[in-house]
Amino acid sequence: MTRICLVGATGLVGSALMEQAVGRDDVRIIGVGRREATLPPGARMEMLVGEPIDWPALIRAARAHVLVCALGTTIKAAGSKEQFRAIDHDLVRFSAEAARAAGIGHMIVVSSVEADRASGNFYLSVKGEMEEAVGRLGFDRLDVLRPSLLRGARQEQRALEGAWQAVAPVVDHLALHGRLRRFRSIRARDVARATLGLVRETGQGRFVHDHDALMRAAR
């Protein structure tokens, strides 16, 4: 059984990961977060709750083989660029550092398509910096997931994202081909399935997964 420490269980990908793990005997999820997550019916998992300052102890207590970090917000939801960075960069790095200190050698982190610290887009530059930061921590294996628009029902409402979700499948089919395929939307449950497919990978190194790679891993 592979023990997965999940940080970001209350988000779209984290919730989907818990759902996709229901009924599986080969994985066990231990969530770490600020508050209890709503568990899907049939879930057999633990939820360790505490403030971020407590997370290193909670991550160590999870005795996990893999850290899955699905933390993420928006500038609007965070309230400012500074708060957005504190979550999507600082808290992700803090969780990764705690995982390394606990002896976890494999990390899977949800980033974004086009993440690049040199990007003129603040969101993408922060994601790129985060990728570089966790890449320097010495994980035996680091899987960076770079989805574009995520499709699925969130606990919090994001009006603009909801509108895009409605038209995204049509845009994907009509316009996003060739090199543009990486911008295709993807269901959160497919990202979750890809994550479950990657937790057992043993090859060492840093691996970046865009839309097509995520869909292959999901299968």
# chains A, B, ... in the order shown; residues from 1 in each chain; ligands from 1
>>> select_by_dssp(residues="range 24-188 of chain A", states="strand (DSSP E or B)", output="list in words")
Val27, Arg28, Ile29, Ile30, Gly31, Val32, Gly33, Glu46, Met47, Leu48, Val49, Val66, Leu67, Val68, Cys69, His106, Met107, Ile108, Val109, Val110, Arg141, Leu142, Asp143, Val144, Leu145, Leu150, Arg151, Ile186 and Arg187 of chain A
>>> residues_around(residues="range 138-146 of chain A", least_positions_apart="3", cutoff="7 Å", atoms="only C-alpha atoms", output="list of chain:residue names")
A:Gly105, A:His106, A:Met107, A:Ile108, A:Val109, A:Val110, A:Ser111, A:Ser112, A:Val113, A:Gly135, A:Gly203, A:Gln204, A:Gly205, A:Arg206, A:Phe207, A:Val208, A:His209, A:Asp210
>>> residues_around(residues="Ile53 in chain A", least_positions_apart="2", cutoff="12 Å", atoms="only C-alpha atoms", output="list in words")
Val32, Gly33, Arg34, Val49, Gly50, Glu51, Trp55, Pro56, Ala57, Leu58, Ile59, Leu91, Phe94, Ser95 and Ala98 of chain A
>>> write_last_selection(atoms="all heavy atoms", output="tab-separated table (two decimals), in the first residue's frame")
chain	number	residue	atom	x	y	z
A	32	VAL	N	-3.66	16.57	5.20
A	32	VAL	CA	-3.14	17.55	6.15
A	32	VAL	C	-3.68	18.91	5.74
A	32	VAL	O	-3.55	19.31	4.57
A	32	VAL	CB	-1.59	17.57	6.16
A	32	VAL	CG1	-1.06	18.79	6.93
A	32	VAL	CG2	-1.05	16.28	6.76
A	33	GLY	N	-4.29	19.62	6.67
A	33	GLY	CA	-4.85	20.92	6.31
A	33	GLY	C	-5.27	21.73	7.51
A	33	GLY	O	-5.16	21.29	8.66
A	34	ARG	N	-5.77	22.94	7.22
A	34	ARG	CA	-6.23	23.84	8.28
A	34	ARG	C	-7.58	23.42	8.83
A	34	ARG	O	-7.93	23.77	9.95
A	34	ARG	CB	-6.35	25.27	7.72
A	34	ARG	CG	-5.05	25.98	7.45
A	34	ARG	CD	-5.37	27.44	7.13
A	34	ARG	NE	-4.18	28.25	6.94
A	34	ARG	CZ	-3.80	28.74	5.77
A	34	ARG	NH1	-4.50	28.45	4.68
A	34	ARG	NH2	-2.71	29.48	5.68
A	49	VAL	N	-5.50	17.82	11.19
A	49	VAL	CA	-5.86	19.24	11.11
A	49	VAL	C	-5.00	20.07	12.06
A	49	VAL	O	-4.79	19.71	13.22
A	49	VAL	CB	-7.35	19.44	11.44
A	49	VAL	CG1	-7.72	20.92	11.39
A	49	VAL	CG2	-8.21	18.64	10.47
A	50	GLY	N	-4.51	21.19	11.53
A	50	GLY	CA	-3.75	22.11	12.36
A	50	GLY	C	-3.37	23.33	11.56
A	50	GLY	O	-3.55	23.38	10.33
A	51	GLU	N	-2.86	24.34	12.22
A	51	GLU	CA	-2.36	25.52	11.55
A	51	GLU	C	-1.08	25.16	10.79
A	51	GLU	O	-0.39	24.19	11.15
A	51	GLU	CB	-2.10	26.64	12.55
A	51	GLU	CG	-3.36	27.21	13.19
A	51	GLU	CD	-4.30	27.78	12.14
A	51	GLU	OE1	-3.85	28.50	11.24
A	51	GLU	OE2	-5.51	27.49	12.24
A	55	TRP	N	2.11	21.87	10.51
A	55	TRP	CA	2.13	20.90	9.42
A	55	TRP	C	3.35	20.01	9.37
A	55	TRP	O	3.22	18.82	9.04
A	55	TRP	CB	1.92	21.63	8.08
A	55	TRP	CG	0.51	22.10	7.88
A	55	TRP	CD1	-0.50	22.11	8.80
A	55	TRP	CD2	-0.05	22.64	6.69
A	55	TRP	NE1	-1.65	22.64	8.26
A	55	TRP	CE2	-1.40	22.98	6.97
A	55	TRP	CE3	0.46	22.91	5.42
A	55	TRP	CZ2	-2.24	23.54	6.01
A	55	TRP	CZ3	-0.37	23.48	4.46
A	55	TRP	CH2	-1.72	23.78	4.76
A	56	PRO	N	4.56	20.51	9.68
A	56	PRO	CA	5.70	19.58	9.66
A	56	PRO	C	5.49	18.36	10.54
A	56	PRO	O	5.80	17.23	10.14
A	56	PRO	CB	6.87	20.45	10.13
A	56	PRO	CG	6.50	21.83	9.67
A	56	PRO	CD	5.01	21.90	9.88
A	57	ALA	N	4.94	18.58	11.74
A	57	ALA	CA	4.68	17.45	12.64
A	57	ALA	C	3.59	16.55	12.07
A	57	ALA	O	3.67	15.31	12.17
A	57	ALA	CB	4.28	17.96	14.03
A	58	LEU	N	2.57	17.14	11.46
A	58	LEU	CA	1.47	16.35	10.89
A	58	LEU	C	1.95	15.57	9.67
A	58	LEU	O	1.57	14.40	9.49
A	58	LEU	CB	0.31	17.27	10.51
A	58	LEU	CG	-0.32	18.07	11.65
A	58	LEU	CD1	-1.48	18.91	11.13
A	58	LEU	CD2	-0.77	17.17	12.78
A	59	ILE	N	2.76	16.19	8.84
A	59	ILE	CA	3.29	15.50	7.66
A	59	ILE	C	4.19	14.34	8.09
A	59	ILE	O	4.15	13.25	7.51
A	59	ILE	CB	4.05	16.49	6.75
A	59	ILE	CG1	3.04	17.45	6.08
A	59	ILE	CG2	4.88	15.76	5.69
A	59	ILE	CD1	3.67	18.58	5.32
A	91	LEU	N	3.64	28.49	1.02
A	91	LEU	CA	3.07	27.35	1.74
A	91	LEU	C	3.36	26.03	1.03
A	91	LEU	O	3.56	25.01	1.68
A	91	LEU	CB	1.56	27.55	1.92
A	91	LEU	CG	0.87	26.63	2.93
A	91	LEU	CD1	1.56	26.67	4.28
A	91	LEU	CD2	-0.60	27.01	3.07
A	94	PHE	N	6.96	25.34	1.91
A	94	PHE	CA	7.02	24.94	3.32
A	94	PHE	C	6.59	23.49	3.49
A	94	PHE	O	7.22	22.71	4.23
A	94	PHE	CB	6.12	25.88	4.14
A	94	PHE	CG	6.11	25.61	5.60
A	94	PHE	CD1	7.22	25.88	6.38
A	94	PHE	CD2	4.97	25.10	6.23
A	94	PHE	CE1	7.22	25.64	7.75
A	94	PHE	CE2	4.95	24.87	7.60
A	94	PHE	CZ	6.08	25.13	8.36
A	95	SER	N	5.52	23.10	2.80
A	95	SER	CA	5.05	21.71	2.87
A	95	SER	C	6.07	20.75	2.28
A	95	SER	O	6.30	19.66	2.83
A	95	SER	CB	3.71	21.57	2.12
A	95	SER	OG	2.73	22.43	2.65
A	98	ALA	N	8.93	20.29	4.68
A	98	ALA	CA	8.53	19.41	5.76
A	98	ALA	C	8.53	17.95	5.32
A	98	ALA	O	8.92	17.05	6.08
A	98	ALA	CB	7.13	19.80	6.26
>>> residues_around(residues="range 127-134 of chain A", least_positions_apart="5", cutoff="6 Å", atoms="only C-alpha atoms", output="JSON, numbers by chain")
{"A": [89, 93, 115, 116, 117]}
>>> residues_around(residues="Gly152 in chain A", least_positions_apart="4", cutoff="8 Å", atoms="only C-alpha atoms", output="PyMOL selection string")
chain A and resi 12+187-189
>>> closest_residue(among="A:Phe122, A:Val199, A:Asp212, A:Ala78", to="Arg179 in chain A", atoms="only C-alpha atoms")
A:Asp212
>>> select_by_dssp(residues="range 29-147 of chain A", states="alpha helix (DSSP H)", output="PyMOL selection string")
chain A and resi 55-61+75-78+81-85+92-101+122-135
>>> write_last_selection(atoms="C-alpha atoms", output="compact mmCIF listing (two decimals), in the first residue's frame")
# COMPACT_ATOMS: atom_id res chain seq x y z
CA TRP A 55 2.13 20.90 9.42
CA PRO A 56 5.70 19.58 9.66
CA ALA A 57 4.68 17.45 12.64
CA LEU A 58 1.47 16.35 10.89
CA ILE A 59 3.29 15.50 7.66
CA ARG A 60 5.81 13.47 9.66
CA ALA A 61 2.96 11.71 11.48
CA ILE A 75 -5.51 36.46 -6.41
CA LYS A 76 -9.16 37.45 -5.97
CA ALA A 77 -9.84 34.72 -3.42
CA ALA A 78 -6.57 35.39 -1.59
CA LYS A 81 -0.92 39.34 -4.72
CA GLU A 82 1.05 39.00 -1.50
CA GLN A 83 -1.46 36.60 0.01
CA PHE A 84 -1.67 34.65 -3.24
CA ARG A 85 2.12 34.22 -3.21
CA VAL A 92 3.77 24.86 -1.04
CA ARG A 93 7.52 25.19 -0.45
CA PHE A 94 7.02 24.94 3.32
CA SER A 95 5.05 21.71 2.87
CA ALA A 96 7.70 20.32 0.55
CA GLU A 97 10.47 21.16 3.01
CA ALA A 98 8.53 19.41 5.76
CA ALA A 99 8.11 16.35 3.55
CA ARG A 100 11.82 16.16 2.85
CA ALA A 101 12.58 16.52 6.56
CA PHE A 122 2.13 37.32 -12.08
CA TYR A 123 0.18 34.09 -11.54
CA LEU A 124 2.38 32.12 -13.92
CA SER A 125 5.60 33.64 -12.60
CA VAL A 126 4.71 32.62 -9.03
CA LYS A 127 3.92 29.10 -10.21
CA GLY A 128 7.26 28.98 -12.01
CA GLU A 129 9.11 30.16 -8.91
CA MET A 130 7.32 27.52 -6.86
CA GLU A 131 8.39 24.78 -9.28
CA GLU A 132 12.00 25.92 -9.03
CA ALA A 133 11.85 26.14 -5.25
CA VAL A 134 10.58 22.59 -4.73
CA GLY A 135 12.93 21.35 -7.45
>>> atom_distance(atom1="CA of Thr74 in chain A", atom2="CA of Ala86 in chain A")
11.4 Å
>>> residues_around(residues="range 182-186 of chain A", least_positions_apart="4", cutoff="8 Å", atoms="only C-alpha atoms", output="mmCIF file with N, CA, C and O atoms, in the first residue's frame")
data_model
loop_
_atom_site.group_PDB
_atom_site.id
_atom_site.type_symbol
_atom_site.label_atom_id
_atom_site.label_comp_id
_atom_site.auth_asym_id
_atom_site.auth_seq_id
_atom_site.Cartn_x
_atom_site.Cartn_y
_atom_site.Cartn_z
ATOM 1 N N VAL A 113 -0.293 25.186 -16.518
ATOM 2 C CA VAL A 113 0.242 25.300 -17.868
ATOM 3 C C VAL A 113 0.935 26.655 -18.029
ATOM 4 O O VAL A 113 0.465 27.664 -17.487
ATOM 5 N N PRO A 147 -1.808 21.364 -15.558
ATOM 6 C CA PRO A 147 -3.088 21.428 -16.265
ATOM 7 C C PRO A 147 -3.408 22.857 -16.670
ATOM 8 O O PRO A 147 -2.877 23.814 -16.105
ATOM 9 N N SER A 148 -4.297 22.978 -17.633
ATOM 10 C CA SER A 148 -4.854 24.290 -17.968
ATOM 11 C C SER A 148 -6.141 24.430 -17.145
ATOM 12 O O SER A 148 -6.146 24.091 -15.967
ATOM 13 N N LEU A 149 -7.212 24.887 -17.732
ATOM 14 C CA LEU A 149 -8.462 25.070 -16.992
ATOM 15 C C LEU A 149 -8.941 23.741 -16.422
ATOM 16 O O LEU A 149 -9.062 22.747 -17.138
ATOM 17 N N LEU A 150 -9.214 23.725 -15.120
ATOM 18 C CA LEU A 150 -9.733 22.535 -14.467
ATOM 19 C C LEU A 150 -11.256 22.551 -14.503
ATOM 20 O O LEU A 150 -11.887 23.559 -14.173
ATOM 21 N N ARG A 151 -11.852 21.423 -14.894
ATOM 22 C CA ARG A 151 -13.303 21.309 -14.926
ATOM 23 C C ARG A 151 -13.778 20.454 -13.761
ATOM 24 O O ARG A 151 -13.228 19.390 -13.498
ATOM 25 N N GLN A 165 -15.762 26.950 -18.016
ATOM 26 C CA GLN A 165 -15.952 25.500 -17.972
ATOM 27 C C GLN A 165 -17.053 25.056 -18.927
ATOM 28 O O GLN A 165 -16.978 23.992 -19.543
ATOM 29 N N ALA A 168 -15.536 25.370 -22.537
ATOM 30 C CA ALA A 168 -14.200 24.823 -22.761
ATOM 31 C C ALA A 168 -14.175 23.582 -23.647
ATOM 32 O O ALA A 168 -13.329 23.493 -24.555
ATOM 33 N N PRO A 169 -15.054 22.586 -23.464
ATOM 34 C CA PRO A 169 -14.986 21.405 -24.318
ATOM 35 C C PRO A 169 -15.142 21.728 -25.805
ATOM 36 O O PRO A 169 -14.500 21.102 -26.663
ATOM 37 N N ASP A 172 -11.872 23.383 -26.907
ATOM 38 C CA ASP A 172 -10.849 22.336 -27.005
ATOM 39 C C ASP A 172 -10.932 21.622 -28.355
ATOM 40 O O ASP A 172 -9.921 21.407 -29.029
ATOM 41 N N LEU A 176 -8.029 23.986 -30.174
ATOM 42 C CA LEU A 176 -6.771 23.664 -29.508
ATOM 43 C C LEU A 176 -6.198 22.346 -30.006
ATOM 44 O O LEU A 176 -6.469 21.261 -29.471
ATOM 45 N N ASP A 190 -9.661 13.555 -13.880
ATOM 46 C CA ASP A 190 -8.591 13.002 -14.701
ATOM 47 C C ASP A 190 -7.225 13.364 -14.130
ATOM 48 O O ASP A 190 -6.284 12.565 -14.187
ATOM 49 N N VAL A 191 -7.108 14.577 -13.576
ATOM 50 C CA VAL A 191 -5.862 14.940 -12.898
ATOM 51 C C VAL A 191 -5.662 14.042 -11.687
ATOM 52 O O VAL A 191 -4.538 13.593 -11.402
ATOM 53 N N ASP A 210 2.069 17.842 -19.026
ATOM 54 C CA ASP A 210 1.065 18.755 -19.561
ATOM 55 C C ASP A 210 -0.219 17.976 -19.842
ATOM 56 O O ASP A 210 -0.381 16.836 -19.377
ATOM 57 N N HIS A 211 -1.130 18.563 -20.605
ATOM 58 C CA HIS A 211 -2.450 17.957 -20.810
ATOM 59 C C HIS A 211 -2.369 16.530 -21.323
ATOM 60 O O HIS A 211 -2.962 15.609 -20.739
ATOM 61 N N ASP A 212 -1.644 16.304 -22.418
ATOM 62 C CA ASP A 212 -1.615 14.969 -23.017
ATOM 63 C C ASP A 212 -0.946 13.961 -22.093
ATOM 64 O O ASP A 212 -1.379 12.799 -21.999
#
>>> closest_residue(among="A:Ala43, A:Met215, A:Leu48, A:Ala102", to="Val27 in chain A", atoms="only C-alpha atoms")
A:Ala43
>>> atom_distance(atom1="CA of Pro41 in chain A", atom2="CA of Val13 in chain A")
16.8 Å
>>> residues_around(residues="Gly8 in chain A", least_positions_apart="4", cutoff="6 Å", atoms="only C-alpha atoms", output="ChimeraX atom specification")
/A:14,70-71
>>> decode(residues="range 20-137 of chain A", atoms="C-alpha atoms", output="tab-separated table (two decimals), in the first residue's frame")
chain	number	residue	atom	x	y	z
A	20	GLN	CA	-10.91	8.44	-6.99
A	21	ALA	CA	-9.18	6.61	-4.13
A	22	VAL	CA	-12.44	5.21	-2.74
A	23	GLY	CA	-12.50	1.43	-2.99
A	24	ARG	CA	-8.79	1.10	-3.76
A	25	ASP	CA	-6.67	-1.11	-1.53
A	26	ASP	CA	-3.34	-0.05	-3.02
A	27	VAL	CA	-3.35	3.53	-1.67
A	28	ARG	CA	-4.11	5.21	1.63
A	29	ILE	CA	-4.61	8.98	1.82
A	30	ILE	CA	-3.74	11.03	4.88
A	31	GLY	CA	-4.89	14.63	4.48
A	32	VAL	CA	-3.14	17.55	6.15
A	33	GLY	CA	-4.85	20.92	6.31
A	34	ARG	CA	-6.23	23.84	8.28
A	35	ARG	CA	-9.71	22.36	8.48
A	36	GLU	CA	-11.56	19.10	8.04
A	37	ALA	CA	-12.28	18.10	4.45
A	38	THR	CA	-15.64	16.73	3.40
A	39	LEU	CA	-14.93	13.06	2.79
A	40	PRO	CA	-16.63	11.26	-0.10
A	41	PRO	CA	-18.89	8.31	0.75
A	42	GLY	CA	-16.86	5.17	1.37
A	43	ALA	CA	-13.58	7.01	1.93
A	44	ARG	CA	-11.09	5.27	4.21
A	45	MET	CA	-8.64	7.99	5.09
A	46	GLU	CA	-7.39	10.19	7.89
A	47	MET	CA	-7.48	13.98	8.13
A	48	LEU	CA	-4.84	15.66	10.30
A	49	VAL	CA	-5.86	19.24	11.11
A	50	GLY	CA	-3.75	22.11	12.36
A	51	GLU	CA	-2.36	25.52	11.55
A	52	PRO	CA	0.46	25.60	8.97
A	53	ILE	CA	3.04	25.96	11.75
A	54	ASP	CA	1.93	22.47	12.87
A	55	TRP	CA	2.13	20.90	9.42
A	56	PRO	CA	5.70	19.58	9.66
A	57	ALA	CA	4.68	17.45	12.64
A	58	LEU	CA	1.47	16.35	10.89
A	59	ILE	CA	3.29	15.50	7.66
A	60	ARG	CA	5.81	13.47	9.66
A	61	ALA	CA	2.96	11.71	11.48
A	62	ALA	CA	1.41	10.72	8.14
A	63	ARG	CA	4.32	8.31	7.53
A	64	ALA	CA	3.76	8.76	3.81
A	65	HIS	CA	5.68	7.56	0.80
A	66	VAL	CA	4.48	10.40	-1.43
A	67	LEU	CA	3.53	14.03	-0.85
A	68	VAL	CA	0.76	15.29	-3.12
A	69	CYS	CA	0.43	19.06	-2.93
A	70	ALA	CA	-2.76	20.41	-4.49
A	71	LEU	CA	-2.69	23.81	-2.80
A	72	GLY	CA	-3.87	26.66	-4.95
A	73	THR	CA	-5.99	29.77	-4.93
A	74	THR	CA	-6.63	32.89	-7.01
A	75	ILE	CA	-5.51	36.46	-6.41
A	76	LYS	CA	-9.16	37.45	-5.97
A	77	ALA	CA	-9.84	34.72	-3.42
A	78	ALA	CA	-6.57	35.39	-1.59
A	79	GLY	CA	-7.29	39.11	-1.42
A	80	SER	CA	-3.95	40.36	-2.71
A	81	LYS	CA	-0.92	39.34	-4.72
A	82	GLU	CA	1.05	39.00	-1.50
A	83	GLN	CA	-1.46	36.60	0.01
A	84	PHE	CA	-1.67	34.65	-3.24
A	85	ARG	CA	2.12	34.22	-3.21
A	86	ALA	CA	2.03	33.21	0.45
A	87	ILE	CA	-0.19	30.25	-0.44
A	88	ASP	CA	0.84	29.20	-3.93
A	89	HIS	CA	4.58	29.62	-3.37
A	90	ASP	CA	5.49	29.92	0.30
A	91	LEU	CA	3.07	27.35	1.74
A	92	VAL	CA	3.77	24.86	-1.04
A	93	ARG	CA	7.52	25.19	-0.45
A	94	PHE	CA	7.02	24.94	3.32
A	95	SER	CA	5.05	21.71	2.87
A	96	ALA	CA	7.70	20.32	0.55
A	97	GLU	CA	10.47	21.16	3.01
A	98	ALA	CA	8.53	19.41	5.76
A	99	ALA	CA	8.11	16.35	3.55
A	100	ARG	CA	11.82	16.16	2.85
A	101	ALA	CA	12.58	16.52	6.56
A	102	ALA	CA	10.18	13.63	7.18
A	103	GLY	CA	12.06	11.45	4.69
A	104	ILE	CA	9.51	11.56	1.86
A	105	GLY	CA	11.33	11.12	-1.42
A	106	HIS	CA	8.54	11.60	-3.96
A	107	MET	CA	6.46	14.74	-4.48
A	108	ILE	CA	3.63	15.40	-6.90
A	109	VAL	CA	2.64	19.06	-7.15
A	110	VAL	CA	-0.17	20.73	-9.07
A	111	SER	CA	1.13	23.77	-10.97
A	112	SER	CA	-0.21	25.41	-14.12
A	113	VAL	CA	0.24	25.30	-17.87
A	114	GLU	CA	2.86	27.87	-18.96
A	115	ALA	CA	4.30	28.24	-15.44
A	116	ASP	CA	7.53	30.22	-15.78
A	117	ARG	CA	9.24	32.51	-13.30
A	118	ALA	CA	10.18	34.82	-16.21
A	119	SER	CA	6.55	35.18	-17.31
A	120	GLY	CA	5.04	38.65	-17.42
A	121	ASN	CA	1.90	37.15	-15.88
A	122	PHE	CA	2.13	37.32	-12.08
A	123	TYR	CA	0.18	34.09	-11.54
A	124	LEU	CA	2.38	32.12	-13.92
A	125	SER	CA	5.60	33.64	-12.60
A	126	VAL	CA	4.71	32.62	-9.03
A	127	LYS	CA	3.92	29.10	-10.21
A	128	GLY	CA	7.26	28.98	-12.01
A	129	GLU	CA	9.11	30.16	-8.91
A	130	MET	CA	7.32	27.52	-6.86
A	131	GLU	CA	8.39	24.78	-9.28
A	132	GLU	CA	12.00	25.92	-9.03
A	133	ALA	CA	11.85	26.14	-5.25
A	134	VAL	CA	10.58	22.59	-4.73
A	135	GLY	CA	12.93	21.35	-7.45
A	136	ARG	CA	15.89	22.43	-5.35
A	137	LEU	CA	14.87	20.36	-2.32
